[in-house]
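Visitor: First, the structure itself, so that you have it in front of you.
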Number of protein chains: 4
Amino acid sequence: MPKQTFFNLPPDKRDQLIALAMNEFADNDYESASLSRIVARAGIAKGSVYQYFDDKADLYLYLVELARQRKSEFMAQRPMPNRGMDLFAYLRWQMEQSVGFDLTDPQVAKLGYRFMRAPQPIKSRAIGQAQADAHAYFVKLTQQAIRQGSVRKDVDPRIAAFMFSAVFTQLADFLMAYAEPDPAALAQGRRRAALKKKAMRAFDQIMTMLERGMAVAPAQRKKERR
Amino acid sequence: MPKQTFFNLPPDKRDQLIALAMNEFADNDYESASLSRIVARAGIAKGSVYQYFDDKADLYLYLVELARQRKSEFMAQRPMPNRGMDLFAYLRWQMEQSVGFDLTDPQVAKLGYRFMRAPQPIKSRAIGQAQADAHAYFVKLTQQAIRQGSVRKDVDPRIAAFMFSAVFTQLADFLMAYAEPDPAALAQGRRRAALKKKAMRAFDQIMTMLERGMAVAPAQRKKERR
Amino acid sequence: MPKQTFFNLPPDKRDQLIALAMNEFADNDYESASLSRIVARAGIAKGSVYQYFDDKADLYLYLVELARQRKSEFMAQRPMPNRGMDLFAYLRWQMEQSVGFDLTDPQVAKLGYRFMRAPQPIKSRAIGQAQADAHAYFVKLTQQAIRQGSVRKDVDPRIAAFMFSAVFTQLADFLMAYAEPDPAALAQGRRRAALKKKAMRAFDQIMTMLERGMAVAPAQRKKERR
Amino acid sequence: MPKQTFFNLPPDKRDQLIALAMNEFADNDYESASLSRIVARAGIAKGSVYQYFDDKADLYLYLVELARQRKSEFMAQRPMPNRGMDLFAYLRWQMEQSVGFDLTDPQVAKLGYRFMRAPQPIKSRAIGQAQADAHAYFVKLTQQAIRQGSVRKDVDPRIAAFMFSAVFTQLADFLMAYAEPDPAALAQGRRRAALKKKAMRAFDQIMTMLERGMAVAPAQRKKERR
DNA sequence: GATGAATGAGTATTCATTCAT
DNA sequence: GATGAATGAATACTCATTCAT
């Protein structure tokens with residue numbers, strides 16, 4: 001956890017530092033990320049980082065936690081459309097939000113995904129449960145769906161959870177590459193609406209595949225979509 | 001590419017150097033991997049590395065290429081059982097091989113997977129096509145399958161390819177964790193046969209899911225399995 | 001010298017700060033001792049130290065002076081038993097007091113002994129005369145003793161002073177190790193009385209050796225002991 | 001232990017580095033001594049130190065060992081005058097050598113004395129036994145002397161050992177200050193012979209005091225001296 | 001062709017001190 | 001009078017790379 005001094009900082013400065021640090025840890029592994037680079041870009045003294053954080057790991061884990069929060073907030077801001085929907089409708093909605101976040105704030109998203117593959121020692125210092133949670137969460141969802149009859153009884157929830165998280169994890173990267181092969185154009189933010197539409201169609205197809213793969217009566221489910 | 005001097009080395013020495021370097025780059029990302037550690041373990045002079053390779057990146061990319069080759073060779077060594085089988089039968093066979101390789105040579109496999117997430121600058125220097133290849137390959141396979149009528153016409157081959165590679169990439173890790181939650185027991189190599197069986201059943205279910213998700217008549221496909 | 005602000009502090013706070021700083025400088029030499037550690041433990045602001053003292057050296061030298069005073073006070077609090085006793089009886093009494101102080105307040109004593117070996121630049125800023133004093137004091141005592149006939153005329157007072165201070169300086173450390181080889185037991189404060197007795201017998205023997213070494217008629221002196 | 005690379009250095013360079021490092025560790029505690037200062041003075045690259053030594057402690061302990069050797073060699077070079085001499089004659093000879101060394105090579109001697117007071121963790125990595133040895137050695141000598149009848153039976157060998165080592169440790173410092181109050185003159189090496197003579201007379205008196213303090217028949221022993 | 005010493009910029013972290021609030 | 005954030009030089013140590021032998 002950051003020290004109080006960090007929260008006493010003027011918000012501008014604090015936000016800038018967070019942003020620069022996020023970029024550094026999004027673009028580099030924990031080991032390779034460099035505090036020196038961060039402070040150089042932020043134009044602050046090296047020692048100052050240690051006024052705000054205990055050490056490198058403390059800063060990193062704070063950023064990870066922040067990334068988790070940002071995503072949660074993003075996803076919470078649009079309420080679930082329909083309380084009684086089934087697993088696939090729910091996941092469809094959720095992945096849509098998730099991908100939306102990844103496209104909106106790609107650096108923060110990258111940080112999050114990179115954390116999932118971080119070495120265990122650093123991970124075990126994390127406060128939240130991030131990754132393990134994701135798996136456990138998918139397992140629970142699938143179990144519910146089986147009970148509710150929307151997923152086949154012979155599906156192993158752990159395996160379903162794996163499918164979801166494997167796809168989830170790499171979805172944003174794929175959708176960006178899929179929708180816009182030329183990164184330069186995307187960087188300029190041109191035709192964003194068109195891109196989003198294309199990405200959404202791809203996403204839709206992916207969800208349909210997963211649904212058909214697990215659902216009790218795939219043919220019927222298709223109608224409920226959206 | 002290694003310099004000629006490297007290929008002039010006595011095979012024993014060369015192989016040992018490769019093995020040690022593979023381990024280093026499998027356990028650390030590119031930036032964190034240390035040439036010093038490699039030469040220390042290999043008992044060779046630091047300067048020698050620069051007789052064999054241009055620089056760190058040159059060595060790394062050679063190892064990546066080598067890992068790709070090793071996997072190809074492993075997979076080629078057991079011939080496809082049935083020439084005329086459809087996409088899913090074929091992928092099932094192929095993934096089985098891939099997972100088999102990952103379990104047989106985990107370090108080399110790790111190197112490969114780590115490369116997929118390497119920073120772009122280093123990736124773009126790669127000779128082989130590794131990752132892009134995998135995608136293109138799946139696309140081609142899917143296109144064939146559509147033509148042959150085993151995959152729905154409304155499936156976008158690129159999307160199918162994404163599904164395959166997303167699942168592929170994380171399969172070995174999952175299967176190992178799934179089949180044996182306790183890593184200590186696994187290290188002891190006990191009950192390896194039982195583990196493999198359990199992993200194979202999980203794998204089977206995953207393939208079925210993918211198949212159901214894309215195939216023309218999912219219900220019928222199930223019978224052909226194995 | 002501390003600034004006036006330091007003496008304006010509430011006594012509790014001042015004493016606590018002194019105690020913590022004493023410990024830090026007792027356990028580390030001047031260079032390695034850390035103001036940061038002190039203020040962290042004391043829960044005061046870093047800047048405050050500079051309100052009280054000019055700099056690190058100022059604080060340190062104040063503590064050294066304080067340690068000297070504490071020892072003086074400790075030794076003054078039990079009056080000399082016999083006004084007319086000779087040098088050795090007097091030193092015996094004095095060393096007893098000194099060792100008593102070292103055992104009573106080991107941290108303060110440690111600070112003092114450490115100061116004796118401090119680098120010259122820092123030492124020369126000292127206000128009190130601490131070490132030089134000790135030597136001068138022993139010289140004076142010996143000169144008196146020679147005049148009174150209890151020490152040989154051919155003894156160089158400076159040399160005798162050296163002997164006394166060499167033994168003095170290392171006495172407490174030795175006695176503790178001698179009386180109780182197992183530091184764990186000592187920490188528990190068990191058998192403190194027994195230890196003290198054992199230490200005192202050793203101390204007695206040391207004094208006898210010094211006495212025999214310098215006294216006019218060593219054989220006779222022995223009777224006066226205790 | 002230094003790495004081989006260190007011994008491969010040209011002797012001039014190696015000796016200079018040793019000399020500079022000796023000075024640094026003679027003038028500063030282990031913690032306070034600075035590798036940066038050493039390399040700056042030596043005009044070599046920082047990294048080079050790590051070509052020669054594992055780390056700071058490795059360098060330090062090597063220097064300590066070297067200091068021990070230097071002293072041993074110095075002391076061995078003048079053979080013991082008389083094989084059958086008693087404890088005090090022997091110690092007199094030995095201390096004479098020791099002081100001679102301290103005066104000849106004060107920096108090396110300082111390093112040695114400073115090591116005796118080094119914190120336990122660093123000490124326990126030492127190869128030689130240095131300090132513990134000194135005590136044990138004096139104990140053994142005293143025991144022999146008691147058996148041979150030259151030391152009183154009621155003398156505790158451990159206490160005698162303490163006296164010897166307390167005096168030993170501080171002897172050189174004292175003798176230098178005693179013989180020459182003005183350090184500037186001493187630095188110039190002027191009147192070295194006169195100084196030595198004065199120091200030796202002081203030393204002689206110290207030995208006599210110790211002898212009288214412990215010997216069976218102090219009055220008689222005096223004749224045997226020298 | 002191999003060596004391995006030398007280099008100097010790089011790393012995270014700690015420090016005493018300053019100064020605006 | 002107290003605070004505590006900011007500073008930048010200091011620390012030990014690691015690194016990839018070069019080059020004379």
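To be explicit about the labels: the chains of the structure tokens are called A, B, and onward in the order shown, and within each one the residues are counted from 1, while ligands get numbers from 1 in the order they are shown.
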With only C-alpha atoms (C1' of nucleotides) considered, list every residue of chain E at most 12 Å from chain A, as a ChimeraX atom specification.

Guide: /E:10-15

Visitor: Those selected residues, please, written with N, CA and C atoms (P, O5', C5', C4', C3', O3' and C1' of nucleotides) and delivered as a CSV table (one decimal), in the first residue's frame.

Guide:
chain,number,residue,atom,x,y,z
E,10,DG,P,22.3,4.5,-18.8
E,10,DG,O5',21.6,3.4,-17.8
E,10,DG,C5',21.2,2.2,-18.3
E,10,DG,C4',21.1,1.1,-17.3
E,10,DG,C3',20.3,1.5,-16.0
E,10,DG,O3',18.9,1.1,-16.3
E,10,DG,C1',22.3,0.3,-15.4
E,11,DT,P,17.8,1.6,-15.3
E,11,DT,O5',18.0,0.6,-14.0
E,11,DT,C5',17.8,-0.8,-14.2
E,11,DT,C4',17.9,-1.5,-12.9
E,11,DT,C3',17.3,-0.8,-11.7
E,11,DT,O3',15.9,-1.1,-11.7
E,11,DT,C1',19.5,-1.5,-11.1
E,12,DA,P,14.9,-0.2,-10.9
E,12,DA,O5',15.3,-0.7,-9.4
E,12,DA,C5',15.0,-2.0,-9.0
E,12,DA,C4',15.4,-2.2,-7.6
E,12,DA,C3',14.5,-1.5,-6.6
E,12,DA,O3',14.4,-2.3,-5.4
E,12,DA,C1',16.8,-0.7,-6.4
E,13,DT,P,13.4,-1.8,-4.3
E,13,DT,O5',14.4,-0.9,-3.3
E,13,DT,C5',15.5,-1.6,-2.8
E,13,DT,C4',16.4,-0.6,-2.1
E,13,DT,C3',15.6,0.3,-1.1
E,13,DT,O3',16.1,0.0,0.2
E,13,DT,C1',17.3,1.5,-2.3
E,14,DT,P,15.5,0.8,1.5
E,14,DT,O5',16.6,1.8,1.8
E,14,DT,C5',18.0,1.4,2.0
E,14,DT,C4',18.8,2.5,2.4
E,14,DT,C3',18.2,3.4,3.6
E,14,DT,O3',19.3,3.6,4.5
E,14,DT,C1',18.8,4.7,1.7
E,15,DC,P,19.0,4.3,5.9
E,15,DC,O5',19.6,5.7,5.6
E,15,DC,C5',20.9,5.8,5.2
E,15,DC,C4',21.3,7.2,4.8
E,15,DC,C3',20.6,8.3,5.7
E,15,DC,O3',21.4,8.5,6.8
E,15,DC,C1',20.5,8.9,3.3

Visitor: At most 10 Å is the cut-off: for each residue in chain F with any atom that close to an atom of chain A, write down the nearest atom pair and the distance in Å rounded to one decimal, counting only C-alpha atoms (C1' of nucleotides), chain first then increasing number, as a Markdown table.

Guide:
| residue | atom | partner | partner_atom | distance |
| --- | --- | --- | --- | --- |
| F:DG4 | C1' | A:Thr5 | CA | 8.1 |
| F:DA5 | C1' | A:Thr5 | CA | 7.5 |
| F:DA6 | C1' | A:Ser48 | CA | 6.6 |
| F:DT7 | C1' | A:Ala45 | CA | 6.2 |
| F:DG8 | C1' | A:Ala45 | CA | 7.2 |

Visitor: Selection from above, C-alpha atoms (C1' of nucleotides), as an mmCIF file, in the first residue's frame, can you write it?

Guide:
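What follows is the written file part.cif:
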data_model
loop_
_atom_site.group_PDB
_atom_site.id
_atom_site.type_symbol
_atom_site.label_atom_id
_atom_site.label_comp_id
_atom_site.auth_asym_id
_atom_site.auth_seq_id
_atom_site.Cartn_x
_atom_site.Cartn_y
_atom_site.Cartn_z
ATOM 1 C "C1'" DG F 4 6.952 15.974 5.944
ATOM 2 C "C1'" DA F 5 7.650 16.204 0.955
ATOM 3 C "C1'" DA F 6 11.460 16.879 -2.167
ATOM 4 C "C1'" DT F 7 15.957 16.285 -3.292
ATOM 5 C "C1'" DG F 8 20.069 14.263 -5.341
#

Visitor: Give the alpha helix (DSSP H) residues of region 50-97 of chain D, as DSSP finds them on the backbone, and put them as JSON, numbers by chain.

Guide: {"D": [50, 51, 52, 56, 57, 58, 59, 60, 61, 62, 63, 64, 65, 66, 67, 68, 69, 70, 71, 72, 73, 74, 75, 76, 77, 87, 88, 89, 90, 91, 92, 93, 94, 95, 96, 97]}

Visitor: Please, could you write that set of residues out with N, CA and C atoms as a short mmCIF file (atom, residue, chain, number, x, y, z; two decimals), in the first residue's frame?

Guide:
data_model
loop_
_atom_site.label_atom_id
_atom_site.label_comp_id
_atom_site.auth_asym_id
_atom_site.auth_seq_id
_atom_site.Cartn_x
_atom_site.Cartn_y
_atom_site.Cartn_z
N TYR D 50 34.00 -6.47 -8.90
CA TYR D 50 33.19 -7.69 -8.89
C TYR D 50 33.74 -8.75 -9.83
N GLN D 51 34.75 -8.39 -10.61
CA GLN D 51 35.48 -9.41 -11.36
C GLN D 51 36.44 -10.13 -10.41
N TYR D 52 36.87 -9.41 -9.39
CA TYR D 52 37.89 -9.95 -8.50
C TYR D 52 37.30 -10.61 -7.26
N LYS D 56 31.31 -7.18 -1.36
CA LYS D 56 32.05 -6.36 -0.42
C LYS D 56 32.64 -7.21 0.71
N ALA D 57 31.83 -8.10 1.24
CA ALA D 57 32.30 -8.93 2.35
C ALA D 57 33.48 -9.79 1.92
N ASP D 58 33.42 -10.28 0.70
CA ASP D 58 34.50 -11.12 0.20
C ASP D 58 35.81 -10.34 0.18
N LEU D 59 35.73 -9.14 -0.34
CA LEU D 59 36.91 -8.28 -0.36
C LEU D 59 37.41 -8.03 1.07
N TYR D 60 36.48 -7.67 1.91
CA TYR D 60 36.85 -7.33 3.29
C TYR D 60 37.54 -8.50 3.99
N LEU D 61 36.92 -9.66 3.90
CA LEU D 61 37.47 -10.80 4.61
C LEU D 61 38.82 -11.21 4.04
N TYR D 62 38.99 -10.98 2.76
CA TYR D 62 40.30 -11.26 2.17
C TYR D 62 41.35 -10.33 2.77
N LEU D 63 40.99 -9.09 2.92
CA LEU D 63 41.93 -8.13 3.49
C LEU D 63 42.26 -8.50 4.94
N VAL D 64 41.25 -8.92 5.66
CA VAL D 64 41.48 -9.33 7.05
C VAL D 64 42.46 -10.50 7.10
N GLU D 65 42.20 -11.46 6.25
CA GLU D 65 43.08 -12.62 6.20
C GLU D 65 44.50 -12.20 5.82
N LEU D 66 44.59 -11.29 4.87
CA LEU D 66 45.89 -10.80 4.42
C LEU D 66 46.61 -10.10 5.57
N ALA D 67 45.86 -9.32 6.30
CA ALA D 67 46.47 -8.60 7.43
C ALA D 67 47.03 -9.59 8.44
N ARG D 68 46.26 -10.64 8.68
CA ARG D 68 46.71 -11.67 9.60
C ARG D 68 48.01 -12.31 9.12
N GLN D 69 48.02 -12.62 7.82
CA GLN D 69 49.22 -13.22 7.24
C GLN D 69 50.42 -12.29 7.35
N ARG D 70 50.20 -11.03 7.00
CA ARG D 70 51.30 -10.07 7.05
C ARG D 70 51.89 -10.02 8.45
N LYS D 71 51.00 -10.02 9.42
CA LYS D 71 51.50 -9.96 10.80
C LYS D 71 52.27 -11.23 11.14
N SER D 72 51.69 -12.36 10.76
CA SER D 72 52.37 -13.63 11.02
C SER D 72 53.76 -13.64 10.41
N GLU D 73 53.81 -13.23 9.16
CA GLU D 73 55.11 -13.24 8.48
C GLU D 73 56.10 -12.32 9.17
N PHE D 74 55.59 -11.17 9.51
CA PHE D 74 56.47 -10.21 10.20
C PHE D 74 57.02 -10.83 11.48
N MET D 75 56.14 -11.48 12.19
CA MET D 75 56.55 -12.02 13.48
C MET D 75 57.43 -13.25 13.32
N ALA D 76 57.24 -13.96 12.24
CA ALA D 76 58.03 -15.17 12.03
C ALA D 76 59.45 -14.84 11.58
N GLN D 77 59.60 -13.63 11.08
CA GLN D 77 60.89 -13.37 10.44
C GLN D 77 62.04 -13.20 11.43
N LEU D 87 56.64 -17.78 30.30
CA LEU D 87 55.53 -17.06 29.70
C LEU D 87 55.82 -15.58 29.47
N PHE D 88 56.38 -14.95 30.48
CA PHE D 88 56.51 -13.50 30.36
C PHE D 88 57.63 -13.10 29.41
N ALA D 89 58.66 -13.88 29.43
CA ALA D 89 59.72 -13.62 28.46
C ALA D 89 59.18 -13.83 27.05
N TYR D 90 58.39 -14.87 26.91
CA TYR D 90 57.84 -15.16 25.60
C TYR D 90 56.88 -14.06 25.15
N LEU D 91 55.96 -13.66 26.04
CA LEU D 91 54.99 -12.63 25.67
C LEU D 91 55.70 -11.30 25.40
N ARG D 92 56.71 -11.07 26.20
CA ARG D 92 57.48 -9.84 25.99
C ARG D 92 58.05 -9.82 24.58
N TRP D 93 58.60 -10.93 24.20
CA TRP D 93 59.14 -11.02 22.85
C TRP D 93 58.03 -10.86 21.81
N GLN D 94 56.92 -11.53 22.08
CA GLN D 94 55.84 -11.54 21.11
C GLN D 94 55.18 -10.16 20.98
N MET D 95 54.94 -9.54 22.09
CA MET D 95 54.33 -8.22 22.04
C MET D 95 55.27 -7.23 21.38
N GLU D 96 56.53 -7.45 21.64
CA GLU D 96 57.51 -6.58 21.01
C GLU D 96 57.39 -6.68 19.49
N GLN D 97 57.28 -7.90 19.03
CA GLN D 97 57.10 -8.10 17.58
C GLN D 97 55.80 -7.46 17.12
#

Visitor: Over all Cα atoms paired in order, how far apart are chain B and chain C after a least-squares superposition, as an RMSD in Å?

Guide: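 Once chain B is overlaid on chain C, the RMSD is 0.2 Å.
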
Visitor: Env of region 149-153 of chain A: 8 Å cut, atoms = only C-alpha atoms (C1' of nucleotides), seq-sep filter 2 positions within chain, self excluded. Answer as JSON, numbers by chain.

Guide: {"A": [86, 87, 142, 145, 146, 147, 155, 214, 215, 216, 217]}

Visitor: Given the selection you just returned, output its residues as a file containing C-alpha atoms, formatted as a compact mmCIF listing (two decimals), in the first residue's frame.

Guide:
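Contents of result.txt, as written:
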# COMPACT_ATOMS: atom_id res chain seq x y z
CA ASP A 86 -28.85 -17.04 -18.43
CA LEU A 87 -25.10 -17.68 -18.27
CA THR A 142 -20.97 -22.37 -14.65
CA ALA A 145 -25.87 -22.34 -15.07
CA ILE A 146 -25.87 -26.11 -14.81
CA ARG A 147 -28.34 -25.96 -11.96
CA VAL A 155 -19.69 -30.15 -18.57
CA MET A 214 -21.72 -25.95 -23.77
CA ALA A 215 -25.39 -25.18 -23.89
CA VAL A 216 -28.13 -27.74 -23.47
CA ALA A 217 -30.02 -26.82 -26.58

Visitor: For chain D, list the residues within 9 Å of chain C, counting only C-alpha atoms, and write the list as JSON, numbers by chain.

Guide: {"D": [27, 28, 29, 31, 32, 155, 156, 158, 159, 160, 162, 163, 166, 167, 168, 169, 170, 171, 174, 178, 202, 203, 205, 206, 208, 209, 210, 211, 212, 213, 214, 218]}

Visitor: Between CA of Pro106 (chain B) and CA of Asp15 (chain B), measure the distance and give it in Å to one decimal.

Guide: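 Distance between the two atoms: 17.0 Å.
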
Visitor: Quick one, how far is CA of Ile38 (chain D) from CA of Ala21 (chain D)?

Guide: 5.9 Å

Visitor: Separation of CA of Phe101 (chain C) and CA of Arg78 (chain C), in Å?

Guide: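 Between these atoms lies a distance of 11.7 Å.
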